[in-house]
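The structure file protein09.pdb is reproduced below (PDB, C-alpha atoms, pLDDT in the B column).
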ATOM      1  CA  MET A   1      -0.502   0.392   7.446  1.00 42.00           C
ATOM      2  CA  SER A   2       1.186  -2.640   9.007  1.00 44.00           C
ATOM      3  CA  GLY A   3       0.000  -6.199   8.450  1.00 52.00           C
ATOM      4  CA  ARG A   4      -0.981  -6.511  12.120  1.00 57.00           C
ATOM      5  CA  ALA A   5      -3.136  -3.372  11.908  1.00 56.00           C
ATOM      6  CA  ARG A   6      -4.909  -4.704   8.809  1.00 60.00           C
ATOM      7  CA  ILE A   7      -5.627  -7.984  10.587  1.00 61.00           C
ATOM      8  CA  GLN A   8      -7.049  -6.217  13.644  1.00 60.00           C
ATOM      9  CA  ILE A   9      -9.245  -4.013  11.463  1.00 66.00           C
ATOM     10  CA  ALA A  10     -10.480  -7.071   9.564  1.00 66.00           C
ATOM     11  CA  ALA A  11     -11.327  -8.827  12.836  1.00 65.00           C
ATOM     12  CA  ILE A  12     -13.204  -5.768  14.136  1.00 67.00           C
ATOM     13  CA  LEU A  13     -15.218  -5.590  10.915  1.00 69.00           C
ATOM     14  CA  ILE A  14     -16.049  -9.300  11.106  1.00 67.00           C
ATOM     15  CA  VAL A  15     -17.333  -8.958  14.681  1.00 67.00           C
ATOM     16  CA  ALA A  16     -19.192  -5.738  13.843  1.00 70.00           C
ATOM     17  CA  VAL A  17     -20.887  -7.142  10.742  1.00 66.00           C
ATOM     18  CA  PHE A  18     -21.860 -10.275  12.644  1.00 64.00           C
ATOM     19  CA  GLY A  19     -23.343  -8.182  15.462  1.00 65.00           C
ATOM     20  CA  VAL A  20     -25.228  -5.852  13.122  1.00 68.00           C
ATOM     21  CA  GLY A  21     -26.570  -8.841  11.215  1.00 61.00           C
ATOM     22  CA  ILE A  22     -27.940 -10.420  14.392  1.00 60.00           C
ATOM     23  CA  TRP A  23     -29.476  -7.090  15.454  1.00 63.00           C
ATOM     24  CA  ALA A  24     -31.058  -6.479  12.039  1.00 64.00           C
ATOM     25  CA  ASP A  25     -32.570  -9.954  12.123  1.00 57.00           C
ATOM     26  CA  GLY A  26     -34.296  -9.184  15.396  1.00 64.00           C
ATOM     27  CA  GLY A  27     -31.775 -10.643  17.792  1.00 61.00           C
ATOM     28  CA  ALA A  28     -30.034  -8.905  20.652  1.00 61.00           C
ATOM     29  CA  PRO A  29     -26.227  -8.490  20.474  1.00 59.00           C
ATOM     30  CA  HIS A  30     -24.388  -9.199  23.736  1.00 63.00           C
ATOM     31  CA  ILE A  31     -21.163  -7.655  24.982  1.00 63.00           C
ATOM     32  CA  TRP A  32     -19.803 -11.115  25.827  1.00 62.00           C
ATOM     33  CA  TRP A  33     -19.415 -11.719  22.103  1.00 60.00           C
ATOM     34  CA  LEU A  34     -16.290  -9.570  22.310  1.00 61.00           C
ATOM     35  CA  LYS A  35     -14.498 -12.412  24.055  1.00 64.00           C
ATOM     36  CA  PHE A  36     -14.243 -13.980  20.611  1.00 65.00           C
ATOM     37  CA  TYR A  37     -12.357 -10.946  19.280  1.00 63.00           C
ATOM     38  CA  SER A  38      -8.906 -12.396  20.083  1.00 68.00           C
ATOM     39  CA  ILE A  39      -9.914 -15.674  18.462  1.00 71.00           C
ATOM     40  CA  ALA A  40     -11.039 -13.806  15.354  1.00 69.00           C
ATOM     41  CA  VAL A  41      -7.716 -11.934  15.198  1.00 71.00           C
ATOM     42  CA  ALA A  42      -5.778 -15.192  15.543  1.00 76.00           C
ATOM     43  CA  VAL A  43      -7.789 -16.940  12.821  1.00 77.00           C
ATOM     44  CA  VAL A  44      -7.441 -14.026  10.407  1.00 75.00           C
ATOM     45  CA  ALA A  45      -3.695 -13.755  11.163  1.00 78.00           C
ATOM     46  CA  VAL A  46      -3.066 -17.443  10.494  1.00 83.00           C
ATOM     47  CA  ALA A  47      -5.153 -17.410   7.315  1.00 83.00           C
ATOM     48  CA  SER A  48      -3.466 -14.216   6.066  1.00 81.00           C
ATOM     49  CA  THR A  49       0.041 -15.552   6.739  1.00 84.00           C
ATOM     50  CA  ALA A  50      -0.729 -18.897   5.100  1.00 88.00           C
ATOM     51  CA  TRP A  51      -2.065 -17.137   2.009  1.00 86.00           C
ATOM     52  CA  ASP A  52       0.743 -14.564   1.800  1.00 85.00           C
ATOM     53  CA  HIS A  53       3.562 -17.109   2.074  1.00 85.00           C
ATOM     54  CA  TYR A  54       2.151 -20.267   0.519  1.00 88.00           C
ATOM     55  CA  PHE A  55      -1.343 -20.760  -0.860  1.00 88.00           C
ATOM     56  CA  TRP A  56      -1.324 -17.928  -3.429  1.00 88.00           C
ATOM     57  CA  ARG A  57       1.565 -19.561  -5.321  1.00 89.00           C
ATOM     58  CA  THR A  58      -0.011 -23.025  -5.655  1.00 88.00           C
ATOM     59  CA  GLY A  59      -1.273 -24.197  -9.032  1.00 83.00           C
ATOM     60  CA  ILE A  60      -4.987 -23.842  -8.375  1.00 85.00           C
ATOM     61  CA  PHE A  61      -4.675 -20.184  -7.330  1.00 86.00           C
ATOM     62  CA  GLN A  62      -2.081 -19.300  -9.971  1.00 84.00           C
ATOM     63  CA  ARG A  63      -4.744 -19.974 -12.582  1.00 82.00           C
ATOM     64  CA  LEU A  64      -6.803 -17.064 -11.248  1.00 83.00           C
ATOM     65  CA  LYS A  65      -6.274 -13.791 -13.118  1.00 81.00           C
ATOM     66  CA  THR A  66      -6.491 -11.701  -9.942  1.00 82.00           C
ATOM     67  CA  VAL A  67      -3.588 -13.530  -8.277  1.00 86.00           C
ATOM     68  CA  PRO A  68      -0.070 -12.208  -9.076  1.00 88.00           C
ATOM     69  CA  ARG A  69       2.200 -14.545 -11.061  1.00 91.00           C
ATOM     70  CA  CYS A  70       4.709 -16.449  -8.974  1.00 93.00           C
ATOM     71  CA  VAL A  71       8.294 -15.773 -10.104  1.00 95.00           C
ATOM     72  CA  ALA A  72      10.061 -16.848  -6.899  1.00 96.00           C
ATOM     73  CA  GLY A  73      13.247 -18.906  -6.998  1.00 96.00           C
ATOM     74  CA  THR A  74      16.527 -18.679  -8.886  1.00 97.00           C
ATOM     75  CA  TRP A  75      16.561 -18.026 -12.623  1.00 97.00           C
ATOM     76  CA  LYS A  76      19.502 -18.563 -14.965  1.00 97.00           C
ATOM     77  CA  GLY A  77      19.970 -16.770 -18.254  1.00 97.00           C
ATOM     78  CA  THR A  78      22.037 -14.194 -20.078  1.00 96.00           C
ATOM     79  CA  LEU A  79      22.753 -10.508 -19.700  1.00 96.00           C
ATOM     80  CA  ARG A  80      23.579  -8.649 -22.906  1.00 95.00           C
ATOM     81  CA  THR A  81      24.812  -5.072 -22.513  1.00 91.00           C
ATOM     82  CA  GLN A  82      24.575  -2.463 -25.247  1.00 86.00           C
ATOM     83  CA  TRP A  83      27.581  -0.607 -23.816  1.00 79.00           C
ATOM     84  CA  VAL A  84      30.448  -0.329 -26.294  1.00 78.00           C
ATOM     85  CA  ASP A  85      33.996  -0.754 -25.051  1.00 77.00           C
ATOM     86  CA  PRO A  86      35.912   2.306 -26.368  1.00 79.00           C
ATOM     87  CA  SER A  87      39.131   0.299 -26.567  1.00 79.00           C
ATOM     88  CA  THR A  88      37.642  -2.273 -28.960  1.00 81.00           C
ATOM     89  CA  GLY A  89      34.652  -0.473 -30.439  1.00 79.00           C
ATOM     90  CA  LYS A  90      32.511  -3.514 -29.637  1.00 84.00           C
ATOM     91  CA  ALA A  91      30.008  -4.548 -26.991  1.00 81.00           C
ATOM     92  CA  PRO A  92      31.160  -7.297 -24.597  1.00 84.00           C
ATOM     93  CA  ASP A  93      29.949 -10.846 -25.170  1.00 88.00           C
ATOM     94  CA  PRO A  94      26.754 -11.878 -23.334  1.00 92.00           C
ATOM     95  CA  LYS A  95      27.428 -13.121 -19.814  1.00 93.00           C
ATOM     96  CA  THR A  96      25.726 -15.647 -17.570  1.00 95.00           C
ATOM     97  CA  ALA A  97      23.422 -14.026 -15.022  1.00 96.00           C
ATOM     98  CA  TYR A  98      21.230 -15.287 -12.203  1.00 97.00           C
ATOM     99  CA  LEU A  99      18.049 -13.650 -10.967  1.00 97.00           C
ATOM    100  CA  VAL A 100      17.257 -14.594  -7.356  1.00 97.00           C
ATOM    101  CA  ILE A 101      13.694 -13.692  -6.384  1.00 97.00           C
ATOM    102  CA  ARG A 102      12.046 -13.913  -2.972  1.00 97.00           C
ATOM    103  CA  GLN A 103       8.323 -13.257  -3.204  1.00 96.00           C
ATOM    104  CA  THR A 104       5.111 -13.228  -1.194  1.00 93.00           C
ATOM    105  CA  SER A 105       1.663 -12.348  -2.492  1.00 89.00           C
ATOM    106  CA  THR A 106       2.280  -8.675  -1.636  1.00 88.00           C
ATOM    107  CA  ALA A 107       6.052  -8.121  -1.920  1.00 92.00           C
ATOM    108  CA  VAL A 108       9.009  -9.094  -4.077  1.00 96.00           C
ATOM    109  CA  ASP A 109      12.779  -8.859  -3.537  1.00 97.00           C
ATOM    110  CA  VAL A 110      15.134  -9.225  -6.511  1.00 97.00           C
ATOM    111  CA  ARG A 111      18.876  -9.850  -6.766  1.00 97.00           C
ATOM    112  CA  LEU A 112      20.727 -10.020 -10.084  1.00 96.00           C
ATOM    113  CA  ILE A 113      24.029 -11.846  -9.777  1.00 96.00           C
ATOM    114  CA  THR A 114      26.876 -12.110 -12.282  1.00 94.00           C
ATOM    115  CA  GLU A 115      30.497 -13.127 -11.898  1.00 91.00           C
ATOM    116  CA  GLU A 116      31.484  -9.447 -11.589  1.00 89.00           C
ATOM    117  CA  SER A 117      28.702  -7.786  -9.628  1.00 92.00           C
ATOM    118  CA  GLU A 118      25.482  -8.080  -7.658  1.00 94.00           C
ATOM    119  CA  SER A 119      22.361  -5.911  -7.810  1.00 95.00           C
ATOM    120  CA  ARG A 120      19.808  -5.658  -4.986  1.00 96.00           C
ATOM    121  CA  SER A 121      16.335  -4.260  -5.511  1.00 97.00           C
ATOM    122  CA  THR A 122      15.314  -1.183  -3.541  1.00 95.00           C
ATOM    123  CA  PHE A 123      11.730  -1.457  -4.795  1.00 96.00           C
ATOM    124  CA  GLY A 124       9.937  -4.159  -6.748  1.00 95.00           C
ATOM    125  CA  GLN A 125       6.494  -5.242  -7.850  1.00 94.00           C
ATOM    126  CA  VAL A 126       4.732  -7.795 -10.010  1.00 94.00           C
ATOM    127  CA  SER A 127       2.090  -6.063 -12.116  1.00 87.00           C
ATOM    128  CA  SER A 128      -1.522  -7.184 -11.828  1.00 71.00           C
ATOM    129  CA  ASP A 129      -2.072  -7.057 -15.595  1.00 71.00           C
ATOM    130  CA  SER A 130      -3.229 -10.594 -16.369  1.00 67.00           C
ATOM    131  CA  GLU A 131      -2.633 -10.212 -20.126  1.00 77.00           C
ATOM    132  CA  SER A 132       0.896  -8.745 -20.045  1.00 85.00           C
ATOM    133  CA  PRO A 133       2.281  -9.193 -16.518  1.00 91.00           C
ATOM    134  CA  THR A 134       5.711  -7.787 -15.703  1.00 95.00           C
ATOM    135  CA  LEU A 135       8.284  -7.810 -12.930  1.00 96.00           C
ATOM    136  CA  ASP A 136       9.518  -4.237 -12.434  1.00 97.00           C
ATOM    137  CA  TYR A 137      12.152  -3.115  -9.955  1.00 97.00           C
ATOM    138  CA  LEU A 138      14.700  -0.458  -9.022  1.00 97.00           C
ATOM    139  CA  TYR A 139      18.125  -1.601  -7.896  1.00 97.00           C
ATOM    140  CA  LEU A 140      21.557  -0.716  -6.553  1.00 96.00           C
ATOM    141  CA  ASN A 141      24.456  -2.459  -8.289  1.00 93.00           C
ATOM    142  CA  GLU A 142      27.712  -3.160  -6.434  1.00 90.00           C
ATOM    143  CA  PRO A 143      30.542  -4.470  -8.638  1.00 83.00           C
ATOM    144  CA  ARG A 144      33.464  -6.301  -7.096  1.00 81.00           C
ATOM    145  CA  ASN A 145      36.220  -4.066  -5.776  1.00 79.00           C
ATOM    146  CA  SER A 146      38.655  -5.279  -8.422  1.00 73.00           C
ATOM    147  CA  ILE A 147      36.628  -3.785 -11.287  1.00 74.00           C
ATOM    148  CA  ARG A 148      35.214  -0.614  -9.737  1.00 75.00           C
ATOM    149  CA  ASP A 149      37.708   1.517 -11.626  1.00 73.00           C
ATOM    150  CA  ARG A 150      35.798   0.708 -14.836  1.00 73.00           C
ATOM    151  CA  SER A 151      32.408  -0.163 -13.292  1.00 75.00           C
ATOM    152  CA  PRO A 152      31.486   1.987 -10.267  1.00 80.00           C
ATOM    153  CA  ILE A 153      28.515   1.455  -7.954  1.00 89.00           C
ATOM    154  CA  HIS A 154      25.362   2.652  -9.691  1.00 90.00           C
ATOM    155  CA  HIS A 155      21.554   2.661  -9.632  1.00 95.00           C
ATOM    156  CA  GLY A 156      19.237   1.302 -12.277  1.00 95.00           C
ATOM    157  CA  SER A 157      15.869  -0.184 -13.088  1.00 96.00           C
ATOM    158  CA  ALA A 158      14.597  -3.228 -14.952  1.00 97.00           C
ATOM    159  CA  SER A 159      11.363  -4.437 -16.483  1.00 96.00           C
ATOM    160  CA  MET A 160      10.859  -8.140 -17.171  1.00 96.00           C
ATOM    161  CA  LYS A 161       7.982  -9.694 -19.107  1.00 96.00           C
ATOM    162  CA  ILE A 162       6.528 -12.728 -17.312  1.00 94.00           C
ATOM    163  CA  VAL A 163       5.901 -15.547 -19.787  1.00 93.00           C
ATOM    164  CA  GLY A 164       3.616 -18.500 -19.115  1.00 87.00           C
ATOM    165  CA  ARG A 165       1.229 -19.589 -16.371  1.00 82.00           C
ATOM    166  CA  PRO A 166       2.962 -20.966 -14.385  1.00 85.00           C
ATOM    167  CA  THR A 167       5.931 -18.777 -15.252  1.00 90.00           C
ATOM    168  CA  SER A 168       8.352 -20.412 -17.697  1.00 93.00           C
ATOM    169  CA  ARG A 169      10.552 -17.459 -18.698  1.00 96.00           C
ATOM    170  CA  LEU A 170      11.482 -13.884 -17.766  1.00 97.00           C
ATOM    171  CA  THR A 171      12.695 -11.580 -20.499  1.00 97.00           C
ATOM    172  CA  GLY A 172      13.204  -7.824 -20.607  1.00 96.00           C
ATOM    173  CA  HIS A 173      15.631  -4.961 -20.353  1.00 96.00           C
ATOM    174  CA  TYR A 174      17.447  -2.729 -17.890  1.00 96.00           C
ATOM    175  CA  TRP A 175      18.938   0.755 -17.858  1.00 95.00           C
ATOM    176  CA  THR A 176      21.229   2.577 -15.433  1.00 93.00           C
ATOM    177  CA  ASP A 177      22.091   6.074 -14.242  1.00 91.00           C
ATOM    178  CA  ARG A 178      25.388   5.689 -16.115  1.00 85.00           C
ATOM    179  CA  ASP A 179      23.374   5.966 -19.341  1.00 84.00           C
ATOM    180  CA  THR A 180      23.889   2.301 -20.175  1.00 89.00           C
ATOM    181  CA  ARG A 181      21.303  -0.314 -20.967  1.00 93.00           C
ATOM    182  CA  GLY A 182      20.931  -3.926 -21.953  1.00 95.00           C
ATOM    183  CA  GLU A 183      18.755  -7.016 -22.187  1.00 96.00           C
ATOM    184  CA  LEU A 184      18.012  -9.906 -19.817  1.00 97.00           C
ATOM    185  CA  ASP A 185      16.712 -13.325 -20.816  1.00 97.00           C
ATOM    186  CA  MET A 186      16.074 -15.878 -18.059  1.00 97.00           C
ATOM    187  CA  LYS A 187      15.220 -19.355 -19.369  1.00 95.00           C
ATOM    188  CA  TRP A 188      16.022 -21.855 -16.601  1.00 96.00           C
ATOM    189  CA  HIS A 189      14.505 -22.000 -13.146  1.00 96.00           C
ATOM    190  CA  ARG A 190      14.985 -23.618  -9.743  1.00 95.00           C
ATOM    191  CA  LYS A 191      12.609 -23.225  -6.788  1.00 94.00           C
ATOM    192  CA  GLU A 192      15.496 -22.755  -4.343  1.00 95.00           C
ATOM    193  CA  THR A 193      16.977 -19.287  -3.742  1.00 95.00           C
ATOM    194  CA  ALA A 194      20.773 -18.978  -4.063  1.00 95.00           C
ATOM    195  CA  ASP A 195      22.980 -16.664  -2.004  1.00 93.00           C
ATOM    196  CA  ASP A 196      25.800 -15.815  -4.424  1.00 93.00           C
ATOM    197  CA  PHE A 197      27.276 -16.613  -7.836  1.00 93.00           C
ATOM    198  CA  GLU A 198      28.886 -19.871  -6.726  1.00 93.00           C
ATOM    199  CA  SER A 199      25.737 -21.245  -5.080  1.00 94.00           C
ATOM    200  CA  SER A 200      23.716 -20.177  -8.126  1.00 94.00           C
ATOM    201  CA  GLU A 201      26.039 -22.171 -10.357  1.00 94.00           C
ATOM    202  CA  GLY A 202      25.656 -25.118  -7.996  1.00 93.00           C
ATOM    203  CA  LEU A 203      21.879 -25.106  -8.375  1.00 93.00           C
ATOM    204  CA  PHE A 204      22.188 -25.471 -12.142  1.00 92.00           C
ATOM    205  CA  GLY A 205      25.214 -27.738 -12.211  1.00 83.00           C
ATOM    206  CA  GLN A 206      23.208 -30.616 -13.637  1.00 51.00           C
ATOM    207  CA  ALA A 207      20.507 -28.642 -15.426  1.00 45.00           C
ATOM    208  CA  ARG A 208      19.903 -29.994 -18.912  1.00 43.00           C
ATOM    209  CA  GLY A 209      20.800 -27.396 -21.518  1.00 44.00           C
ATOM    210  CA  ALA A 210      21.959 -24.947 -18.885  1.00 48.00           C
TER
END

Can the structure from this file be put into structure tokens for me?
Amino acid sequence: MSGRARIQIAAILIVAVFGVGIWADGGAPHIWWLKFYSIAVAVVAVASTAWDHYFWRTGIFQRLKTVPRCVAGTWKGTLRTQWVDPSTGKAPDPKTAYLVIRQTSTAVDVRLITEESESRSTFGQVSSDSESPTLDYLYLNEPRNSIRDRSPIHHGSASMKIVGRPTSRLTGHYWTDRDTRGELDMKWHRKETADDFESSEGLFGQARGA
């Protein structure tokens, strides 16, 4: 169901409940009340949009257990793969990674960016478990053309534990359809959302300890 349909249904229910309440209390509902229907739709639409894009992520609402944790912004940390290079017999060194998250109260979009590749989520959600909340998503990874001979395009999934209220860290693991897996640890955060590896680096250029 679309957001517009939900808003219209909510407005209809508001008008209906109001009318039934007046009737049950001995009053007489009038058809002219329906002229307020468009006003009700507009009010509900504005309130719903304001909540979905702003109010839910403010400090006072983030303290409520029923409100999803806000993880939006750009996160910097490390990606550690458990894949072993057959030529050396060792796993590569951990690499810098950025997690760019765009989020509303009902949807989340995730991009994982490294110097070699970029992953885009095809599905994502923030769990409603107030005790052990997680960010879980499926993704499509597209390495740069220059390394696709050793790292082809692939699908995968990731699960990140959300630490703190407000969120102070994201840590978890990922696995791919190439039968590889690894760990992610995101420790530094900026509210802005970066577009690529270079702009991500720019956001943290003067970050202490980053």

| Nearby residues (only C-alpha atoms) at most 7 Å from Ser105 (chain A), same-chain spacing under 5 positions excluded, as a list in words | Asp52, His53, Trp56 and Pro68 of chain A

| task | Might you pull out every residue within 9 Å of Tyr54 (chain A), with all atoms listed in the file counted and same-chain residues fewer than 4 positions away left off, and present them as a ChimeraX atom specification? | result | /A:49-50,58,104-105

With the cut-off set at 7 Å and counting only C-alpha atoms, tabulate each residue of region 122-204 of chain A with an atom at most that distance from an atom of region 82-100 of chain A, showing the nearest atom pair and its distance in Å to one decimal, ordered by chain and increasing number, as a tab-separated table.
residue	atom	partner	partner_atom	distance
A:Thr180	CA	A:Trp83	CA	5.9
A:Arg181	CA	A:Gln82	CA	5.8
A:Gly182	CA	A:Gln82	CA	5.1
A:Thr193	CA	A:Val100	CA	5.9
A:Ala194	CA	A:Val100	CA	6.5
A:Ser200	CA	A:Tyr98	CA	6.8

Sorted by chain and rising residue number, which residues of region 105-168 of chain A lie within 9 Å of region 174-177 of chain A, and what are their closest atom pairs and distances in Å to one decimal, counting only C-alpha atoms, as a tab-separated table?
residue	atom	partner	partner_atom	distance
A:His154	CA	A:Asp177	CA	6.6
A:His155	CA	A:Asp177	CA	5.8
A:Gly156	CA	A:Thr176	CA	3.9
A:Ser157	CA	A:Tyr174	CA	5.7
A:Ala158	CA	A:Tyr174	CA	4.1
A:Ser159	CA	A:Tyr174	CA	6.5
A:Met160	CA	A:Tyr174	CA	8.6

Go ahead and write the residues just picked, C-alpha atoms, as a PDB file, in the frame of the given file.
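File produced: out-v5.pdb:
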ATOM      1  CA  HIS A 154      25.362   2.652  -9.691  1.00 90.00           C
ATOM      2  CA  HIS A 155      21.554   2.661  -9.632  1.00 95.00           C
ATOM      3  CA  GLY A 156      19.237   1.302 -12.277  1.00 95.00           C
ATOM      4  CA  SER A 157      15.869  -0.184 -13.088  1.00 96.00           C
ATOM      5  CA  ALA A 158      14.597  -3.228 -14.952  1.00 97.00           C
ATOM      6  CA  SER A 159      11.363  -4.437 -16.483  1.00 96.00           C
ATOM      7  CA  MET A 160      10.859  -8.140 -17.171  1.00 96.00           C
TER       8      MET A 160
END

| said: Report, in Å to a single decimal, how far apart CA of Arg111 (chain A) and CA of Arg178 (chain A) are. | reply: 19.3 Å

| message | Assuming the chain letters and numbering stay as they are in my file, what does the PyMOL selection byres ((chain A and resi 170) around 10) actually select? List them as a PyMOL selection string. | response | chain A and resi 71+75-77+99+134-135+159-164+167-169+171-172+184-189

| said: Could you check the closest approach to Asp179 (chain A) for each of A:Ser146, A:Ser127, A:Gln103, A:Thr81 and tell me which residue wins, using all atoms listed in the file? | reply: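 Checking each candidate against Asp179 (chain A), we get A:Thr81 as the closest.
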
| field | Straight-line distance linking CA of Leu138 (chain A) with CA of Thr74 (chain A), stated in Å to one decimal | value |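 Between CA of Leu138 (chain A) and CA of Thr74 (chain A) the gap is 18.3 Å.
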
| query | When distances are computed from all atoms listed in the file, which of A:Glu192, A:Asp136, A:Arg80, A:Pro143 shows the smallest separation from Phe204 (chain A)? | reply |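 Answer, going by the shortest atom-to-atom distance: A:Glu192.
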
| query | Evaluating the PyMOL selection byres ((chain A and resi 101) around 6) on the displayed file yields which residues, as a ChimeraX atom specification? | reply | /A:72-73,100,102,109-110

Box time for region 182-185 of chain A: axis-aligned, enclosing all its listed atoms, 3 Å extra on each side; report centre and edge lengths in Å to one decimal, as lines of an AutoDock Vina configuration file.
center_x = 18.8
center_y = -8.6
center_z = -21.0
size_x = 10.2
size_y = 15.4
size_z = 8.4

Please enumerate the residues selected by the PyMOL selection byres ((chain A and resi 198) around 12) when evaluated against the supplied file, formatted as a short mmCIF file (atom, residue, chain, number, x, y, z; two decimals) with C-alpha atoms, keeping the file's coordinate frame.
data_model
loop_
_atom_site.label_atom_id
_atom_site.label_comp_id
_atom_site.auth_asym_id
_atom_site.auth_seq_id
_atom_site.Cartn_x
_atom_site.Cartn_y
_atom_site.Cartn_z
CA ALA A 97 23.42 -14.03 -15.02
CA TYR A 98 21.23 -15.29 -12.20
CA ILE A 113 24.03 -11.85 -9.78
CA THR A 114 26.88 -12.11 -12.28
CA GLU A 115 30.50 -13.13 -11.90
CA GLU A 116 31.48 -9.45 -11.59
CA ALA A 194 20.77 -18.98 -4.06
CA ASP A 195 22.98 -16.66 -2.00
CA ASP A 196 25.80 -15.82 -4.42
CA PHE A 197 27.28 -16.61 -7.84
CA SER A 199 25.74 -21.24 -5.08
CA SER A 200 23.72 -20.18 -8.13
CA GLU A 201 26.04 -22.17 -10.36
CA GLY A 202 25.66 -25.12 -8.00
CA LEU A 203 21.88 -25.11 -8.38
CA PHE A 204 22.19 -25.47 -12.14
CA GLY A 205 25.21 -27.74 -12.21
#

| field | Point-to-point distance in Å for CA of Thr106 (chain A) and CA of Leu64 (chain A) | value |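 According to the coordinates, CA of Leu64 (chain A) and CA of Thr106 (chain A) are separated by 15.7 Å.
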
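The closest residue to Leu112 (chain A), picked from A:Pro166, A:Ser128, A:Asp149, A:Glu142 and counting only C-alpha atoms, is A:Glu142.
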
| For Thr66 (chain A), which residue among A:Val108, A:Val41, A:Ala47, A:Val126 is the nearest when counting only C-alpha atoms? | A:Val126

Would you mind writing region 88-107 of chain A with N, CA and C atoms, as a short mmCIF file (atom, residue, chain, number, x, y, z; two decimals), in the frame of the given file?
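rebuild21.cif written:
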data_model
loop_
_atom_site.label_atom_id
_atom_site.label_comp_id
_atom_site.auth_asym_id
_atom_site.auth_seq_id
_atom_site.Cartn_x
_atom_site.Cartn_y
_atom_site.Cartn_z
N THR A 88 37.84 -1.30 -27.88
CA THR A 88 37.64 -2.27 -28.96
C THR A 88 36.59 -1.84 -29.97
N GLY A 89 35.73 -0.90 -29.55
CA GLY A 89 34.65 -0.47 -30.44
C GLY A 89 33.53 -1.48 -30.53
N LYS A 90 33.52 -2.47 -29.62
CA LYS A 90 32.51 -3.51 -29.64
C LYS A 90 31.88 -3.68 -28.26
N ALA A 91 30.67 -4.23 -28.26
CA ALA A 91 30.01 -4.55 -26.99
C ALA A 91 30.56 -5.87 -26.47
N PRO A 92 30.68 -6.03 -25.16
CA PRO A 92 31.16 -7.30 -24.60
C PRO A 92 30.23 -8.45 -24.96
N ASP A 93 30.76 -9.66 -24.92
CA ASP A 93 29.95 -10.85 -25.17
C ASP A 93 28.89 -10.99 -24.07
N PRO A 94 27.76 -11.62 -24.37
CA PRO A 94 26.75 -11.88 -23.33
C PRO A 94 27.37 -12.68 -22.19
N LYS A 95 26.90 -12.41 -20.97
CA LYS A 95 27.43 -13.12 -19.81
C LYS A 95 26.31 -13.84 -19.07
N THR A 96 26.69 -14.90 -18.38
CA THR A 96 25.73 -15.65 -17.57
C THR A 96 25.27 -14.80 -16.39
N ALA A 97 23.98 -14.79 -16.14
CA ALA A 97 23.42 -14.03 -15.02
C ALA A 97 22.37 -14.87 -14.31
N TYR A 98 22.24 -14.60 -13.02
CA TYR A 98 21.23 -15.29 -12.20
C TYR A 98 20.32 -14.25 -11.56
N LEU A 99 19.04 -14.52 -11.59
CA LEU A 99 18.05 -13.65 -10.97
C LEU A 99 17.46 -14.41 -9.79
N VAL A 100 17.74 -13.94 -8.57
CA VAL A 100 17.26 -14.59 -7.36
C VAL A 100 16.08 -13.78 -6.82
N ILE A 101 14.91 -14.41 -6.74
CA ILE A 101 13.69 -13.69 -6.38
C ILE A 101 13.04 -14.33 -5.17
N ARG A 102 12.81 -13.51 -4.15
CA ARG A 102 12.05 -13.91 -2.97
C ARG A 102 10.72 -13.16 -3.03
N GLN A 103 9.62 -13.87 -2.92
CA GLN A 103 8.32 -13.26 -3.20
C GLN A 103 7.23 -13.78 -2.28
N THR A 104 6.36 -12.87 -1.84
CA THR A 104 5.11 -13.23 -1.19
C THR A 104 4.00 -12.70 -2.09
N SER A 105 2.77 -12.82 -1.66
CA SER A 105 1.66 -12.35 -2.49
C SER A 105 1.63 -10.82 -2.59
N THR A 106 2.34 -10.14 -1.67
CA THR A 106 2.28 -8.68 -1.64
C THR A 106 3.64 -7.99 -1.81
N ALA A 107 4.72 -8.74 -1.84
CA ALA A 107 6.05 -8.12 -1.92
C ALA A 107 7.00 -9.00 -2.73
#
